[in-house]
Amino acid sequence: MNKKATIDFTTATNAPAQSQALLELVAGEARDSLLGVHEVLRRELPQGRLAIYEAGGGSSSFLPMDVLSRSHVTVVDIDEDQVRNNTYADEAILGDVQTYRFGPETFDVVICYNVIEHLPDVEAALLNFRDALKHGGMILIGAPNPHSLSGVVTKYSPHWFHVWFYRNIRGIKNAGQPGEPPFPTYFHPLVTLSKLEAFAAAHGLDMIYRREVESPRYPEMRLRKPLFAALVDAAAAAMNAALPRGTDVRRGDYHVILRKR
């Protein structure tokens, strides 16, 4: 994970359909929250041309189309297959977001979506993102909740089980192939939302959006595998009954936006 950037790939065209990847989620809290994130970005971002850094962006973007269309997008990803598959970035760089550094005040937005849970050194990555932001710039983070049911299962189950789940429950037949998820998960302590918020506040970042949502895997399962989903929902309900009031172990994901002071 300490690999420095070694190869640059520059793409000539954007692929708008890829920016809609997460909007193709089954209707649910995660999709609703992403739409809320889009509204915050539209409201808070400056007018005119934008500089966007997608950290670990791989082959799909989660920006709204109207923002993506006026942006110069730079992607950094450690997976060469993901970099080669990217068709929307203006610049795609093979590198490690934990060590790859840009000049100060380079970007208006850093996108780090479904990435920090895979990093051994989240602190280094976050500080790199902060330093690369312009004053008033924002970091969008989407990540799993390590203390949710799906987070605990992910943390303590072997990687082959994750591949089995993606292939047989989610229906992603090429899961686990080169450049395809699921990827190994570390769950650094800063992935926990409360610790992430405290770290951000201590390092010049204000949390302007925060929402915990039901993992999108649940609505997916209810559509694709209703019997299996019913068993998982029943187990989750039993756990919730035994935990403090208001706890829902199905809240497996969160979205936050951090703004640089």
# chains A, B, ... in the order shown; residues from 1 in each chain; ligands from 1
$ residues_around --residues "His159 (chain A)" --least-positions-apart "2" --cutoff "9 Å" --atoms "only C-alpha atoms" --output "VMD selection string"
chain A and resid 154 157 161 to 164 182 to 185
$ write_last_selection --atoms "C-alpha atoms" --output "short mmCIF file (atom, residue, chain, number, x, y, z; two decimals), in the first residue's frame"
data_model
loop_
_atom_site.label_atom_id
_atom_site.label_comp_id
_atom_site.auth_asym_id
_atom_site.auth_seq_id
_atom_site.Cartn_x
_atom_site.Cartn_y
_atom_site.Cartn_z
CA THR A 154 -17.06 -7.77 6.73
CA SER A 157 -15.14 -12.91 7.75
CA PHE A 161 -16.79 -15.02 1.79
CA HIS A 162 -16.97 -11.43 0.52
CA VAL A 163 -16.39 -12.68 -3.03
CA TRP A 164 -19.07 -15.38 -2.57
CA PRO A 182 -14.68 -6.66 -3.23
CA PHE A 183 -11.25 -5.43 -2.12
CA PRO A 184 -9.50 -6.30 1.18
CA THR A 185 -10.86 -4.29 4.11
#
$ residues_around --residues "Leu149 (chain A)" --least-positions-apart "3" --cutoff "9 Å" --atoms "only C-alpha atoms" --output "list in words"
Asn145, Pro146, Val152, Val153, Thr154, Ala236, Met239, Asp248, Val249, Arg250, Arg251 and Gly252 of chain A
$ atom_distance --atom1 "CA of Leu25 (chain A)" --atom2 "CA of Ala89 (chain A)"
22.1 Å
$ select_by_dssp --residues "region 70-153 of chain A" --states "strand (DSSP E)" --output "ChimeraX atom specification"
/A:71-77,91-94,107-113,133-144
$ closest_atom_pairs --of "region 25-103 of chain A" --to "region 217-235 of chain A" --cutoff "8 Å" --atoms "only C-alpha atoms" --output "JSON lines"
{"residue": "A:Val26", "atom": "CA", "partner": "A:Glu220", "partner_atom": "CA", "distance": 6.2}
{"residue": "A:Ala27", "atom": "CA", "partner": "A:Pro219", "partner_atom": "CA", "distance": 7.3}
{"residue": "A:Gly28", "atom": "CA", "partner": "A:Pro219", "partner_atom": "CA", "distance": 6.7}
$ write_last_selection --atoms "C-alpha atoms" --output "PDB file, in the first residue's frame"
ATOM      1  CA  VAL A  26     -32.182   0.288  -5.436  1.00  0.00           C
ATOM      2  CA  ALA A  27     -34.384   2.964  -3.850  1.00  0.00           C
ATOM      3  CA  GLY A  28     -33.507   3.394  -0.190  1.00  0.00           C
TER       4      GLY A  28
END
$ closest_residue --among "A:Gln98, A:Gly171, A:Ala241, A:Asp108" --to "Gly48 (chain A)" --atoms "only C-alpha atoms"
A:Asp108
$ select_by_dssp --residues "region 154-189 of chain A" --states "alpha helix (DSSP H)" --output "PyMOL selection string"
chain A and resi 154-156+159-168
$ write_last_selection --atoms "all heavy atoms" --output "compact mmCIF listing (two decimals), in the first residue's frame"
# COMPACT_ATOMS: atom_id res chain seq x y z
N THR A 154 -18.16 -8.05 7.66
CA THR A 154 -17.06 -7.77 6.73
C THR A 154 -15.71 -7.85 7.44
O THR A 154 -14.74 -8.42 6.91
CB THR A 154 -17.24 -6.38 6.11
OG1 THR A 154 -18.46 -6.35 5.37
CG2 THR A 154 -16.08 -6.04 5.19
N LYS A 155 -15.65 -7.28 8.64
CA LYS A 155 -14.37 -7.23 9.36
C LYS A 155 -13.88 -8.61 9.77
O LYS A 155 -12.68 -8.89 9.70
CB LYS A 155 -14.53 -6.35 10.60
CG LYS A 155 -13.23 -6.16 11.38
CD LYS A 155 -13.40 -5.15 12.50
CE LYS A 155 -12.10 -4.91 13.25
NZ LYS A 155 -12.22 -3.89 14.30
N TYR A 156 -14.80 -9.48 10.19
CA TYR A 156 -14.37 -10.74 10.78
C TYR A 156 -14.56 -11.97 9.89
O TYR A 156 -14.27 -13.08 10.32
CB TYR A 156 -15.09 -10.95 12.11
CG TYR A 156 -14.68 -9.93 13.15
CD1 TYR A 156 -15.51 -8.88 13.51
CD2 TYR A 156 -13.41 -10.00 13.75
CE1 TYR A 156 -15.12 -7.93 14.45
CE2 TYR A 156 -13.01 -9.05 14.69
CZ TYR A 156 -13.87 -8.03 15.03
OH TYR A 156 -13.48 -7.07 15.95
N HIS A 159 -11.91 -13.14 3.14
CA HIS A 159 -12.16 -12.45 1.87
C HIS A 159 -12.94 -13.33 0.90
O HIS A 159 -13.77 -12.83 0.13
CB HIS A 159 -10.83 -12.02 1.24
CG HIS A 159 -11.01 -11.17 0.01
ND1 HIS A 159 -11.55 -9.91 0.05
CD2 HIS A 159 -10.74 -11.44 -1.29
CE1 HIS A 159 -11.60 -9.41 -1.17
NE2 HIS A 159 -11.11 -10.32 -2.00
N TRP A 160 -12.72 -14.65 0.94
CA TRP A 160 -13.45 -15.51 0.01
C TRP A 160 -14.96 -15.42 0.25
O TRP A 160 -15.76 -15.55 -0.70
CB TRP A 160 -12.98 -16.97 0.12
CG TRP A 160 -13.26 -17.66 1.43
CD1 TRP A 160 -12.38 -17.88 2.44
CD2 TRP A 160 -14.51 -18.24 1.86
NE1 TRP A 160 -12.99 -18.54 3.47
CE2 TRP A 160 -14.30 -18.78 3.15
CE3 TRP A 160 -15.78 -18.35 1.29
CZ2 TRP A 160 -15.32 -19.41 3.86
CZ3 TRP A 160 -16.79 -18.98 2.01
CH2 TRP A 160 -16.55 -19.50 3.28
N PHE A 161 -15.37 -15.18 1.50
CA PHE A 161 -16.79 -15.02 1.79
C PHE A 161 -17.34 -13.75 1.14
O PHE A 161 -18.47 -13.73 0.63
CB PHE A 161 -17.03 -14.99 3.30
CG PHE A 161 -18.47 -14.74 3.66
CD1 PHE A 161 -19.41 -15.75 3.61
CD2 PHE A 161 -18.89 -13.46 4.05
CE1 PHE A 161 -20.74 -15.52 3.93
CE2 PHE A 161 -20.21 -13.22 4.37
CZ PHE A 161 -21.14 -14.25 4.32
N HIS A 162 -16.54 -12.68 1.16
CA HIS A 162 -16.97 -11.43 0.52
C HIS A 162 -17.18 -11.66 -0.97
O HIS A 162 -18.17 -11.19 -1.55
CB HIS A 162 -15.93 -10.33 0.72
CG HIS A 162 -15.56 -10.10 2.15
ND1 HIS A 162 -14.50 -9.29 2.52
CD2 HIS A 162 -16.09 -10.57 3.31
CE1 HIS A 162 -14.40 -9.28 3.83
NE2 HIS A 162 -15.34 -10.06 4.33
N VAL A 163 -16.25 -12.39 -1.60
CA VAL A 163 -16.39 -12.68 -3.03
C VAL A 163 -17.63 -13.53 -3.28
O VAL A 163 -18.41 -13.26 -4.21
CB VAL A 163 -15.12 -13.40 -3.55
CG1 VAL A 163 -15.31 -13.83 -5.00
CG2 VAL A 163 -13.90 -12.49 -3.41
N TRP A 164 -17.87 -14.54 -2.44
CA TRP A 164 -19.07 -15.38 -2.57
C TRP A 164 -20.34 -14.53 -2.48
O TRP A 164 -21.27 -14.69 -3.27
CB TRP A 164 -19.08 -16.45 -1.47
CG TRP A 164 -20.33 -17.27 -1.48
CD1 TRP A 164 -20.57 -18.42 -2.20
CD2 TRP A 164 -21.54 -17.00 -0.76
NE1 TRP A 164 -21.85 -18.87 -1.96
CE2 TRP A 164 -22.46 -18.02 -1.08
CE3 TRP A 164 -21.93 -16.01 0.14
CZ2 TRP A 164 -23.75 -18.07 -0.56
CZ3 TRP A 164 -23.21 -16.03 0.66
CH2 TRP A 164 -24.11 -17.05 0.33
N PHE A 165 -20.37 -13.61 -1.50
CA PHE A 165 -21.55 -12.76 -1.32
C PHE A 165 -21.79 -11.89 -2.55
O PHE A 165 -22.92 -11.78 -3.04
CB PHE A 165 -21.35 -11.88 -0.08
CG PHE A 165 -22.53 -11.01 0.24
CD1 PHE A 165 -23.55 -11.48 1.04
CD2 PHE A 165 -22.62 -9.71 -0.27
CE1 PHE A 165 -24.65 -10.68 1.34
CE2 PHE A 165 -23.71 -8.91 0.01
CZ PHE A 165 -24.73 -9.39 0.82
N TYR A 166 -20.75 -11.28 -3.08
CA TYR A 166 -20.90 -10.43 -4.26
C TYR A 166 -21.41 -11.24 -5.46
O TYR A 166 -22.25 -10.76 -6.22
CB TYR A 166 -19.57 -9.77 -4.61
CG TYR A 166 -19.35 -8.42 -3.94
CD1 TYR A 166 -19.32 -8.30 -2.55
CD2 TYR A 166 -19.15 -7.27 -4.70
CE1 TYR A 166 -19.12 -7.08 -1.94
CE2 TYR A 166 -18.94 -6.04 -4.09
CZ TYR A 166 -18.93 -5.96 -2.71
OH TYR A 166 -18.73 -4.74 -2.11
N ARG A 167 -20.87 -12.44 -5.61
CA ARG A 167 -21.26 -13.24 -6.78
C ARG A 167 -22.64 -13.86 -6.64
O ARG A 167 -23.45 -13.83 -7.58
CB ARG A 167 -20.23 -14.34 -7.01
CG ARG A 167 -18.88 -13.85 -7.50
CD ARG A 167 -17.92 -15.00 -7.73
NE ARG A 167 -16.61 -14.53 -8.17
CZ ARG A 167 -15.56 -15.31 -8.38
NH1 ARG A 167 -15.67 -16.63 -8.19
NH2 ARG A 167 -14.41 -14.80 -8.78
N ASN A 168 -22.94 -14.39 -5.46
CA ASN A 168 -24.16 -15.19 -5.32
C ASN A 168 -25.35 -14.43 -4.75
O ASN A 168 -26.49 -14.78 -5.06
CB ASN A 168 -23.87 -16.40 -4.43
CG ASN A 168 -22.88 -17.35 -5.07
OD1 ASN A 168 -23.25 -18.14 -5.92
ND2 ASN A 168 -21.63 -17.27 -4.68
$ atom_distance --atom1 "CA of Gly176 (chain A)" --atom2 "CA of Glu212 (chain A)"
27.3 Å
$ residues_around --residues "Glu123 (chain A)" --least-positions-apart "5" --cutoff "9 Å" --atoms "only C-alpha atoms" --output "list of chain:residue names"
A:Gln98, A:Asn128, A:His188, A:Leu190, A:Phe199
$ write_last_selection --atoms "C-alpha atoms" --output "compact mmCIF listing (two decimals), in the first residue's frame"
# COMPACT_ATOMS: atom_id res chain seq x y z
CA GLN A 98 -1.95 7.55 1.37
CA ASN A 128 -3.11 14.67 2.13
CA HIS A 188 -8.70 1.66 10.49
CA LEU A 190 -10.76 6.52 11.90
CA PHE A 199 -10.11 13.96 13.83
$ residues_around --residues "region 49-53 of chain A" --least-positions-apart "5" --cutoff "8 Å" --atoms "only C-alpha atoms" --output "list in words"
Arg70, Ser71, His72, Val73, Thr74, Val75, Val76, Thr106, Phe107, Asp108, Val109, Val110 and Ile111 of chain A
$ closest_residue --among "A:Arg84, A:Arg43, A:Lys260, A:Arg211" --to "Gly179 (chain A)" --atoms "only C-alpha atoms"
A:Arg84
$ closest_residue --among "A:Ser194, A:Asn174, A:Thr99, A:Thr87" --to "Leu126 (chain A)" --atoms "only C-alpha atoms"
A:Thr99
$ residues_around --residues "Asp206 (chain A)" --least-positions-apart "2" --cutoff "8 Å" --atoms "only C-alpha atoms" --output "list of chain:residue names"
A:Ala200, A:Ala201, A:Gly204, A:Ile208, A:Leu258, A:Arg259, A:Lys260, A:Arg261
$ closest_residue --among "A:Glu180, A:Glu54, A:Asp66, A:Glu117" --to "Asn85 (chain A)" --atoms "only C-alpha atoms"
A:Glu180
$ closest_residue --among "A:Ala143, A:Leu133, A:Ala175, A:Leu119" --to "Asp77 (chain A)" --atoms "only C-alpha atoms"
A:Leu119
$ atom_distance --atom1 "CA of Val256 (chain A)" --atom2 "CA of Glu214 (chain A)"
14.6 Å
